[in-house]
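K.L.:
One structure, as structure tokens, below. Some questions next.
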Amino acid sequence: MQMTADFPTERATGLMTTMGKHFGHKIPVTLADDHAILTFEMGTAHITPTADGLHLVLDAGDAEAMESLRDVVERHLLRFAQRDDPAPLAWSAPA
């Protein structure tokens with residue numbers, strides 16, 4: 001299963017780095033200038049900065065794992081982006 005979302009922000013690279021460093025103490029993380037991969041037990045989150053913000057792609061094996069992954073990633077991103085007054089993400093499955 002896969003879900004995607006775009007998060008508008010002017011601090012895309014900084015937020016991606018914060019996410020990577022935060023989770024890097026707990027799970028395997030690949031952090032580069034142009035992407036981050038967070039490998040959780042329930043699935044993988046791919047985070048890429050874009051001109052308008054962050055593009056997130058979540059991969060999980062089933063609906064329960066996906067919901068857990070989405071919850072963890074979204075909660076942390078919204079907390080780290082708190083000064084941007086963020087709105088909840090609009091997730092969608094690929095066509």
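Residues are named by chain letter and number: chains run A, B, ... in the order of the structure tokens, numbers start at 1 in each chain, and ligands are numbered from 1 in the order shown.
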Neighbouring residues of Ala93 in chain A were defined as those with any atom within 10 Å, considering only C-alpha atoms; residues of the same chain fewer than 2 positions away were excluded. Please report them as a VMD selection string.

P.N.:
chain A and resid 1 to 5 57 to 58 91 95

K.L.:
Report, in Å with one decimal, the straight-line distance from CA of Thr30 in chain A to CA of Arg83 in chain A.

P.N.:
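Atom-to-atom, CA of Thr30 in chain A and CA of Arg83 in chain A are spaced 25.7 Å apart.
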
K.L.:
Pick from A:Arg75, A:Lys26, A:His35, A:Arg11: nearest to Asp52 in chain A, with only C-alpha atoms counted?

P.N.:
A:Arg11

K.L.:
Choose the residue, out of A:Ile27, A:Leu89, A:Met42, A:Ala32, that has the smallest atom-to-atom separation from Leu56 in chain A; count only C-alpha atoms.

P.N.:
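Of A:Ile27, A:Leu89, A:Met42, A:Ala32, the one nearest Leu56 in chain A, counting only C-alpha atoms, is A:Leu89.
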
K.L.:
Kindly give the distance, in Å, that separates CA of Val29 in chain A and CA of Asp85 in chain A, rounded to a single decimal.

P.N.:
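Spanning CA of Val29 in chain A to CA of Asp85 in chain A is a straight-line distance of 26.5 Å.
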
K.L.:
When distances are computed from only C-alpha atoms, which of A:Ala90, A:Ala65, A:Leu38, A:Phe80 shows the smallest separation from Gly14 in chain A?

P.N.:
A:Phe80

K.L.:
Any chance you could list, as a list in words, the residues in chain A that come up strand (DSSP E) when DSSP is run on the backbone?

P.N.:
Gln2, Met3, Thr4, Ala5, Asp6, Phe7, Pro8, Val29, Thr30, Leu31, Ala36, Ile37, Leu38, Thr39, Gly43, Thr44, Ala45, His46, Ile47, Thr48, Pro49, Gly53, Leu54, His55, Leu56, Val57, Leu58, Asp59 and Ala60 of chain A

K.L.:
Would you output that residue set with N, CA and C atoms, as a PDB file, in the first residue's frame?

P.N.:
```
ATOM      1  N   GLN A   2       0.371   2.275  -0.617  1.00  0.00           N
ATOM      2  CA  GLN A   2       1.111   3.524  -0.660  1.00  0.00           C
ATOM      3  C   GLN A   2       0.153   4.700  -0.498  1.00  0.00           C
ATOM      4  N   MET A   3       0.622   5.734   0.198  1.00  0.00           N
ATOM      5  CA  MET A   3      -0.119   6.983   0.346  1.00  0.00           C
ATOM      6  C   MET A   3       0.860   8.129   0.139  1.00  0.00           C
ATOM      7  N   THR A   4       0.351   9.243  -0.395  1.00  0.00           N
ATOM      8  CA  THR A   4       1.194  10.417  -0.594  1.00  0.00           C
ATOM      9  C   THR A   4       0.494  11.654  -0.037  1.00  0.00           C
ATOM     10  N   ALA A   5       1.305  12.655   0.271  1.00  0.00           N
ATOM     11  CA  ALA A   5       0.781  13.949   0.719  1.00  0.00           C
ATOM     12  C   ALA A   5       1.834  15.004   0.437  1.00  0.00           C
ATOM     13  N   ASP A   6       1.366  16.225   0.274  1.00  0.00           N
ATOM     14  CA  ASP A   6       2.268  17.367   0.121  1.00  0.00           C
ATOM     15  C   ASP A   6       2.012  18.313   1.282  1.00  0.00           C
ATOM     16  N   PHE A   7       3.114  18.791   1.869  1.00  0.00           N
ATOM     17  CA  PHE A   7       3.039  19.685   3.015  1.00  0.00           C
ATOM     18  C   PHE A   7       3.657  21.024   2.632  1.00  0.00           C
ATOM     19  N   PRO A   8       2.844  22.082   2.513  1.00  0.00           N
ATOM     20  CA  PRO A   8       3.394  23.381   2.111  1.00  0.00           C
ATOM     21  C   PRO A   8       4.209  24.019   3.245  1.00  0.00           C
ATOM     22  N   VAL A  29      17.596   5.505   9.396  1.00  0.00           N
ATOM     23  CA  VAL A  29      17.264   6.703   8.615  1.00  0.00           C
ATOM     24  C   VAL A  29      18.363   6.945   7.585  1.00  0.00           C
ATOM     25  N   THR A  30      17.960   7.226   6.355  1.00  0.00           N
ATOM     26  CA  THR A  30      18.875   7.705   5.328  1.00  0.00           C
ATOM     27  C   THR A  30      18.546   9.171   5.129  1.00  0.00           C
ATOM     28  N   LEU A  31      19.539  10.037   5.358  1.00  0.00           N
ATOM     29  CA  LEU A  31      19.309  11.475   5.257  1.00  0.00           C
ATOM     30  C   LEU A  31      20.325  12.070   4.297  1.00  0.00           C
ATOM     31  N   ALA A  36      14.934  12.070   2.445  1.00  0.00           N
ATOM     32  CA  ALA A  36      15.116  11.311   3.678  1.00  0.00           C
ATOM     33  C   ALA A  36      14.255  10.061   3.566  1.00  0.00           C
ATOM     34  N   ILE A  37      14.778   8.959   4.075  1.00  0.00           N
ATOM     35  CA  ILE A  37      14.025   7.712   4.130  1.00  0.00           C
ATOM     36  C   ILE A  37      14.022   7.262   5.578  1.00  0.00           C
ATOM     37  N   LEU A  38      12.832   7.137   6.140  1.00  0.00           N
ATOM     38  CA  LEU A  38      12.660   6.711   7.524  1.00  0.00           C
ATOM     39  C   LEU A  38      12.074   5.302   7.502  1.00  0.00           C
ATOM     40  N   THR A  39      12.806   4.340   8.037  1.00  0.00           N
ATOM     41  CA  THR A  39      12.384   2.948   7.974  1.00  0.00           C
ATOM     42  C   THR A  39      11.849   2.500   9.334  1.00  0.00           C
ATOM     43  N   GLY A  43       6.517   0.302   8.251  1.00  0.00           N
ATOM     44  CA  GLY A  43       6.622   0.746   6.864  1.00  0.00           C
ATOM     45  C   GLY A  43       7.704   1.797   6.701  1.00  0.00           C
ATOM     46  N   THR A  44       7.731   2.402   5.533  1.00  0.00           N
ATOM     47  CA  THR A  44       8.778   3.350   5.177  1.00  0.00           C
ATOM     48  C   THR A  44       8.170   4.684   4.758  1.00  0.00           C
ATOM     49  N   ALA A  45       8.796   5.765   5.218  1.00  0.00           N
ATOM     50  CA  ALA A  45       8.400   7.112   4.815  1.00  0.00           C
ATOM     51  C   ALA A  45       9.515   7.725   3.987  1.00  0.00           C
ATOM     52  N   HIS A  46       9.184   8.192   2.797  1.00  0.00           N
ATOM     53  CA  HIS A  46      10.120   8.885   1.917  1.00  0.00           C
ATOM     54  C   HIS A  46       9.733  10.363   1.932  1.00  0.00           C
ATOM     55  N   ILE A  47      10.669  11.224   2.266  1.00  0.00           N
ATOM     56  CA  ILE A  47      10.395  12.658   2.365  1.00  0.00           C
ATOM     57  C   ILE A  47      11.325  13.382   1.403  1.00  0.00           C
ATOM     58  N   THR A  48      10.736  14.213   0.547  1.00  0.00           N
ATOM     59  CA  THR A  48      11.517  14.945  -0.451  1.00  0.00           C
ATOM     60  C   THR A  48      11.128  16.413  -0.423  1.00  0.00           C
ATOM     61  N   PRO A  49      12.108  17.318  -0.278  1.00  0.00           N
ATOM     62  CA  PRO A  49      11.775  18.740  -0.370  1.00  0.00           C
ATOM     63  C   PRO A  49      11.457  19.124  -1.812  1.00  0.00           C
ATOM     64  N   GLY A  53       7.352  22.867  -0.698  1.00  0.00           N
ATOM     65  CA  GLY A  53       7.276  22.243   0.621  1.00  0.00           C
ATOM     66  C   GLY A  53       7.898  20.868   0.645  1.00  0.00           C
ATOM     67  N   LEU A  54       7.195  19.941   1.270  1.00  0.00           N
ATOM     68  CA  LEU A  54       7.650  18.561   1.377  1.00  0.00           C
ATOM     69  C   LEU A  54       6.673  17.640   0.658  1.00  0.00           C
ATOM     70  N   HIS A  55       7.214  16.658  -0.044  1.00  0.00           N
ATOM     71  CA  HIS A  55       6.408  15.601  -0.645  1.00  0.00           C
ATOM     72  C   HIS A  55       6.685  14.341   0.167  1.00  0.00           C
ATOM     73  N   LEU A  56       5.636  13.716   0.676  1.00  0.00           N
ATOM     74  CA  LEU A  56       5.771  12.517   1.493  1.00  0.00           C
ATOM     75  C   LEU A  56       5.137  11.330   0.789  1.00  0.00           C
ATOM     76  N   VAL A  57       5.847  10.208   0.810  1.00  0.00           N
ATOM     77  CA  VAL A  57       5.332   8.954   0.267  1.00  0.00           C
ATOM     78  C   VAL A  57       5.504   7.902   1.351  1.00  0.00           C
ATOM     79  N   LEU A  58       4.398   7.268   1.723  1.00  0.00           N
ATOM     80  CA  LEU A  58       4.422   6.220   2.738  1.00  0.00           C
ATOM     81  C   LEU A  58       4.161   4.876   2.077  1.00  0.00           C
ATOM     82  N   ASP A  59       4.933   3.871   2.479  1.00  0.00           N
ATOM     83  CA  ASP A  59       4.743   2.502   2.005  1.00  0.00           C
ATOM     84  C   ASP A  59       4.555   1.599   3.211  1.00  0.00           C
ATOM     85  N   ALA A  60       3.483   0.801   3.208  1.00  0.00           N
ATOM     86  CA  ALA A  60       3.221  -0.138   4.291  1.00  0.00           C
ATOM     87  C   ALA A  60       2.544  -1.379   3.723  1.00  0.00           C
TER      88      ALA A  60
END
```

K.L.:
I'd like the interatomic distance between CA of Glu10 in chain A and CA of Asp71 in chain A, to a tenth of an Å.

P.N.:
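Between CA of Glu10 in chain A and CA of Asp71 in chain A the gap is 22.8 Å.
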
K.L.:
Could you give me the residues within chain A that DSSP places in alpha helix (DSSP H), as a VMD selection string?

P.N.:
chain A and resid 12 to 23 63 to 80
